[in-house]
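Peer 1: So I've got this file, protein.tsv, and it contains TSV, C-alpha atoms:
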chain	number	residue	atom	x	y	z
A	1415	MET	CA	-18.38	-9.77	-50.67
A	1416	GLU	CA	-14.63	-10.23	-50.14
A	1417	LEU	CA	-13.92	-6.67	-51.26
A	1418	PHE	CA	-16.48	-5.35	-48.74
A	1419	ALA	CA	-14.81	-7.34	-45.93
A	1420	ILE	CA	-11.38	-6.01	-46.92
A	1421	ILE	CA	-12.67	-2.44	-46.94
A	1422	ILE	CA	-14.27	-2.87	-43.51
A	1423	LEU	CA	-11.06	-4.40	-42.15
A	1424	PHE	CA	-8.99	-1.56	-43.62
A	1425	VAL	CA	-11.28	1.10	-42.10
A	1426	ALA	CA	-11.19	-0.66	-38.72
A	1427	LEU	CA	-7.37	-0.83	-38.79
A	1428	ILE	CA	-7.10	2.86	-39.62
A	1429	PHE	CA	-9.52	3.73	-36.80
A	1430	LEU	CA	-7.64	1.59	-34.25
A	1431	GLY	CA	-4.28	2.99	-35.37
A	1432	LYS	CA	-5.52	6.56	-34.96
A	1433	GLU	CA	-6.92	5.73	-31.51
A	1434	PHE	CA	-3.61	4.25	-30.36
A	1435	LEU	CA	-1.71	7.28	-31.66
A	1436	LYS	CA	-4.14	9.60	-29.87
A	1437	LYS	CA	-3.70	7.74	-26.57
A	1438	TRP	CA	0.09	7.68	-26.85
A	1439	ARG	CA	0.11	11.40	-27.71
A	1440	PHE	CA	-1.88	12.49	-24.65
A	1441	LEU	CA	0.00	10.04	-22.41
A	1442	ARG	CA	3.31	11.56	-23.58
A	1443	GLU	CA	1.95	15.08	-23.03
A	1444	PHE	CA	0.79	14.12	-19.52
A	1445	ILE	CA	4.20	12.63	-18.68
A	1446	ASN	CA	6.07	15.66	-19.99
A	1447	LYS	CA	3.96	17.98	-17.81
A	1448	SER	CA	3.78	15.78	-14.75
A	1449	THR	CA	5.86	16.40	-11.64
A	1450	GLN	CA	5.14	12.90	-10.36
A	1451	VAL	CA	7.25	10.89	-12.79
A	1452	VAL	CA	10.33	9.06	-11.52
A	1453	GLN	CA	12.85	7.64	-13.97
A	1454	TRP	CA	15.32	4.81	-13.48
A	1455	ASP	CA	17.90	3.92	-16.09
A	1456	TYR	CA	19.14	0.38	-16.49
A	1457	ILE	CA	22.56	0.74	-18.08
A	1458	TRP	CA	23.70	-2.45	-19.78
A	1459	THR	CA	27.42	-3.20	-19.88
A	1460	PRO	CA	29.23	-6.32	-21.12
A	1461	ASN	CA	29.53	-7.36	-17.45
A	1462	SER	CA	25.76	-7.02	-16.82
A	1463	LYS	CA	23.75	-10.14	-16.08
A	1464	SER	CA	20.73	-10.47	-18.38
A	1465	GLY	CA	17.55	-12.05	-17.07
A	1466	MET	CA	14.88	-11.55	-14.46
A	1467	GLN	CA	15.92	-8.98	-11.86
A	1468	ASN	CA	14.26	-7.15	-8.99
A	1469	ILE	CA	13.65	-3.41	-8.99
A	1470	ILE	CA	12.71	-1.88	-5.62
A	1471	LEU	CA	10.73	1.33	-5.17
A	1472	SER	CA	10.39	2.69	-1.65
A	1473	ALA	CA	8.98	5.82	-0.04
A	1474	SER	CA	8.04	7.30	3.32
A	1475	ALA	CA	4.29	6.91	2.67
A	1476	PRO	CA	2.00	4.53	0.76
A	1477	PHE	CA	2.00	5.04	-3.00
A	1478	SER	CA	0.93	3.51	-6.30
A	1479	VAL	CA	2.68	3.62	-9.66
A	1480	LEU	CA	2.01	3.01	-13.30
A	1481	ILE	CA	5.07	1.08	-14.50
A	1482	GLY	CA	6.40	1.55	-17.99
A	1483	PHE	CA	9.49	2.08	-20.06
A	1484	GLU	CA	10.72	4.24	-22.88
A	1485	LEU	CA	10.18	2.34	-26.12
A	1486	LYS	CA	12.18	3.32	-29.19
A	1487	ILE	CA	11.31	1.96	-32.61
A	1488	LEU	CA	13.07	3.53	-35.57
A	1489	TRP	CA	12.76	7.32	-35.14
A	1490	TYR	CA	9.81	7.30	-32.71
A	1491	THR	CA	10.08	7.17	-28.90
A	1492	TRP	CA	7.17	6.82	-26.50
A	1493	TYR	CA	6.29	5.70	-22.98
A	1494	ASP	CA	4.87	2.18	-22.91
A	1495	PRO	CA	3.07	1.45	-19.63
A	1496	TYR	CA	2.60	-2.20	-18.77
A	1497	TRP	CA	1.34	-2.47	-15.19
A	1498	PHE	CA	-0.07	-0.68	-12.14
A	1499	ILE	CA	0.91	-1.67	-8.59
A	1500	SER	CA	0.54	-0.31	-5.04
A	1501	SER	CA	3.09	-0.38	-2.24
A	1502	ASP	CA	2.93	-2.87	0.63
A	1503	GLU	CA	2.67	-2.15	4.36
A	1504	HIS	CA	6.37	-1.15	4.35
A	1505	ASN	CA	5.77	1.48	1.62
A	1506	GLN	CA	7.75	-0.64	-0.80
A	1507	ILE	CA	7.17	-2.15	-4.22
A	1508	ILE	CA	9.31	-5.09	-5.32
A	1509	ILE	CA	8.94	-6.11	-8.95
A	1510	SER	CA	10.85	-8.62	-11.01
A	1511	THR	CA	11.22	-7.82	-14.68
A	1512	TYR	CA	13.44	-8.85	-17.56
A	1513	LEU	CA	16.60	-6.78	-18.01
A	1514	GLY	CA	18.34	-7.74	-21.21
A	1515	LYS	CA	21.37	-6.78	-23.27
A	1516	LYS	CA	20.22	-3.25	-23.94
A	1517	SER	CA	20.03	-0.16	-21.75
A	1518	ILE	CA	16.50	0.98	-20.99
A	1519	ARG	CA	14.77	3.84	-19.19
A	1520	PHE	CA	11.94	2.89	-16.85
A	1521	ARG	CA	9.36	5.51	-15.92
A	1522	PHE	CA	7.10	5.30	-12.90
A	1523	LEU	CA	4.03	7.57	-12.78
A	1524	ILE	CA	3.19	8.13	-9.12
A	1525	ASN	CA	-0.30	8.92	-7.88
A	1526	THR	CA	0.66	10.45	-4.53
A	1527	PRO	CA	2.07	13.90	-3.82
A	1528	GLN	CA	5.39	12.89	-2.28
A	1529	ALA	CA	8.39	12.94	-4.56
A	1530	ASP	CA	10.80	11.04	-2.31
A	1531	ILE	CA	10.69	7.73	-4.16
A	1532	HIS	CA	13.93	5.76	-3.96
A	1533	ILE	CA	14.68	3.17	-6.67
A	1534	SER	CA	17.31	0.45	-6.48
A	1535	SER	CA	18.32	-2.84	-8.06
A	1536	THR	CA	21.32	-4.02	-6.09
A	1537	THR	CA	22.72	-7.50	-5.51
A	1538	GLU	CA	20.99	-7.49	-2.10
A	1539	ASP	CA	17.67	-6.52	-3.72
A	1540	GLN	CA	17.82	-9.69	-5.83
A	1541	LYS	CA	17.41	-11.81	-2.67
A	1542	LEU	CA	13.95	-10.36	-1.92
A	1543	SER	CA	10.69	-11.96	-3.05
A	1544	PRO	CA	8.94	-9.84	-5.69
A	1545	MET	CA	5.35	-8.72	-5.25
A	1546	LYS	CA	4.81	-9.05	-8.99
A	1547	VAL	CA	6.75	-10.80	-11.77
A	1548	TYR	CA	6.67	-9.37	-15.29
A	1549	SER	CA	7.90	-12.17	-17.55
A	1550	PRO	CA	9.62	-11.27	-20.82
A	1551	HIS	CA	8.10	-11.62	-24.24
A	1552	TRP	CA	9.19	-14.74	-26.12
A	1553	TRP	CA	11.48	-12.76	-28.44
A	1554	GLN	CA	13.43	-11.30	-25.50
A	1555	TRP	CA	14.54	-14.79	-24.45
A	1556	PHE	CA	16.21	-15.07	-27.87
A	1557	GLY	CA	17.97	-11.71	-27.52
A	1558	PHE	CA	15.69	-9.60	-29.70
A	1559	TYR	CA	14.85	-6.13	-28.39
A	1560	GLY	CA	15.92	-5.78	-24.80
Now, as a test, write the supplied structure out as structure tokens.

Peer 2:
Amino acid sequence: MELFAIIILFVALIFLGKEFLKKWRFLREFINKSTQVVQWDYIWTPNSKSGMQNIILSASAPFSVLIGFELKILWYTWYDPYWFISSDEHNQIIISTYLGKKSIRFRFLINTPQADIHISSTTEDQKLSPMKVYSPHWWQWFGFYG
């Protein structure tokens, strides 16, 4: 009976792994062909302040974005989306996310035809109240990955 359970678990893990790889593959293909992807690079320096920080996206019309970042593990790089959000009445999105001791590339997939999205994360932006807070994973607080 235990061998049967192990075989079923092994088959299920292989199936789920293949499904995740399939989803990441077509998501990467979509991103590479899309004209509605905006990138923003957080460049860490020794003078950078790690912790929760605001990122502001603004445009001339209402918009929605799928928020994600470029995830690199060993030799493989992929886009890892983690939230979807729509702009407010001022055509602005204010998010607060963890920026650590590592540079990272954020990617925003936009669902509207305009391409005039402006992204900032200035000292003044940090004074604004975020619409959504994306707390870090527990290992990020200890300085692991990001």

Peer 1: Using all atoms listed in the file, can you tell me which of A:Phe1424, A:Trp1454, A:Phe1429, A:Phe1477 comes closest to Pro1527 in chain A?

Peer 2: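 Among A:Phe1424, A:Trp1454, A:Phe1429, A:Phe1477, it is A:Phe1477 that comes nearest to Pro1527 in chain A.
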
Peer 1: Given the choices A:Met1545, A:Ala1473, A:Ile1457, A:Val1479, which gets closest to Ile1518 in chain A if the distance is worked out from all atoms listed in the file?

Peer 2: A:Ile1457

Peer 1: Find the spatial neighbours of range 1441-1443 of chain A, counting all atoms listed in the file, within a cut-off of 10 Å - ignore same-chain residues fewer than 2 positions away - and output them as a PDB file with C-alpha atoms, in the coordinates of the input.

Peer 2:
ATOM      1  CA  LEU A1435      -1.710   7.280 -31.660  1.00  0.00           C
ATOM      2  CA  LYS A1436      -4.140   9.600 -29.870  1.00  0.00           C
ATOM      3  CA  LYS A1437      -3.700   7.740 -26.570  1.00  0.00           C
ATOM      4  CA  TRP A1438       0.090   7.680 -26.850  1.00  0.00           C
ATOM      5  CA  ARG A1439       0.110  11.400 -27.710  1.00  0.00           C
ATOM      6  CA  ILE A1445       4.200  12.630 -18.680  1.00  0.00           C
ATOM      7  CA  ASN A1446       6.070  15.660 -19.990  1.00  0.00           C
ATOM      8  CA  LYS A1447       3.960  17.980 -17.810  1.00  0.00           C
ATOM      9  CA  SER A1448       3.780  15.780 -14.750  1.00  0.00           C
ATOM     10  CA  THR A1491      10.080   7.170 -28.900  1.00  0.00           C
ATOM     11  CA  TRP A1492       7.170   6.820 -26.500  1.00  0.00           C
ATOM     12  CA  TYR A1493       6.290   5.700 -22.980  1.00  0.00           C
ATOM     13  CA  ASP A1494       4.870   2.180 -22.910  1.00  0.00           C
ATOM     14  CA  PRO A1495       3.070   1.450 -19.630  1.00  0.00           C
TER      15      PRO A1495
END

Peer 1: Quick one: pull the distance between CA of Ile1507 in chain A and CA of Glu1538 in chain A, Å, one decimal.

Peer 2: 15.0 Å

Peer 1: What is the CA of Ser1464 in chain A to CA of Lys1516 in chain A distance in Å?

Peer 2: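 It comes out at 9.1 Å.
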
Peer 1: Give me, please, the distance in Å between CA of Tyr1512 in chain A and CA of Phe1483 in chain A, quoted to one decimal.

Peer 2: 11.9 Å

Peer 1: Restricting the calculation to only C-alpha atoms, which member of A:Gly1482, A:Gly1465, A:Pro1476, A:Gly1431 is positioned closest to Gln1453 in chain A?

Peer 2: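 Counting only C-alpha atoms, the residue closest to Gln1453 in chain A is A:Gly1482.
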
Peer 1: Which of these, A:Lys1515, A:Phe1418, A:Ile1487, A:Ser1510, has the shortest distance to Asp1539 in chain A once you count all atoms listed in the file?

Peer 2: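 Once distances to Asp1539 in chain A are computed over all atoms listed in the file, the minimum belongs to A:Ser1510.
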
Peer 1: Which residue is closest to Ser1543 in chain A? Choose from A:Ile1524, A:Val1425, A:Ile1531, A:Ile1508 and count only C-alpha atoms.

Peer 2: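 Smallest distance to Ser1543 in chain A is found for A:Ile1508.
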
Peer 1: Quick one: of A:Leu1542, A:Leu1471, A:Met1466, A:Val1547, who's nearest to Gln1506 in chain A, counting all atoms listed in the file?

Peer 2: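 Of A:Leu1542, A:Leu1471, A:Met1466, A:Val1547, the one nearest Gln1506 in chain A is A:Leu1471, counting all atoms listed in the file.
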
Peer 1: As JSON, please: the centre and edge lengths in Å, to one decimal, of an axis-aligned box enclosing every listed atom of range 1499-1513 of chain A with 4 Å added on each side.

Peer 2:
{"center_x": 8.6, "center_y": -3.7, "center_z": -6.8, "size_x": 24.1, "size_y": 18.3, "size_z": 30.4}
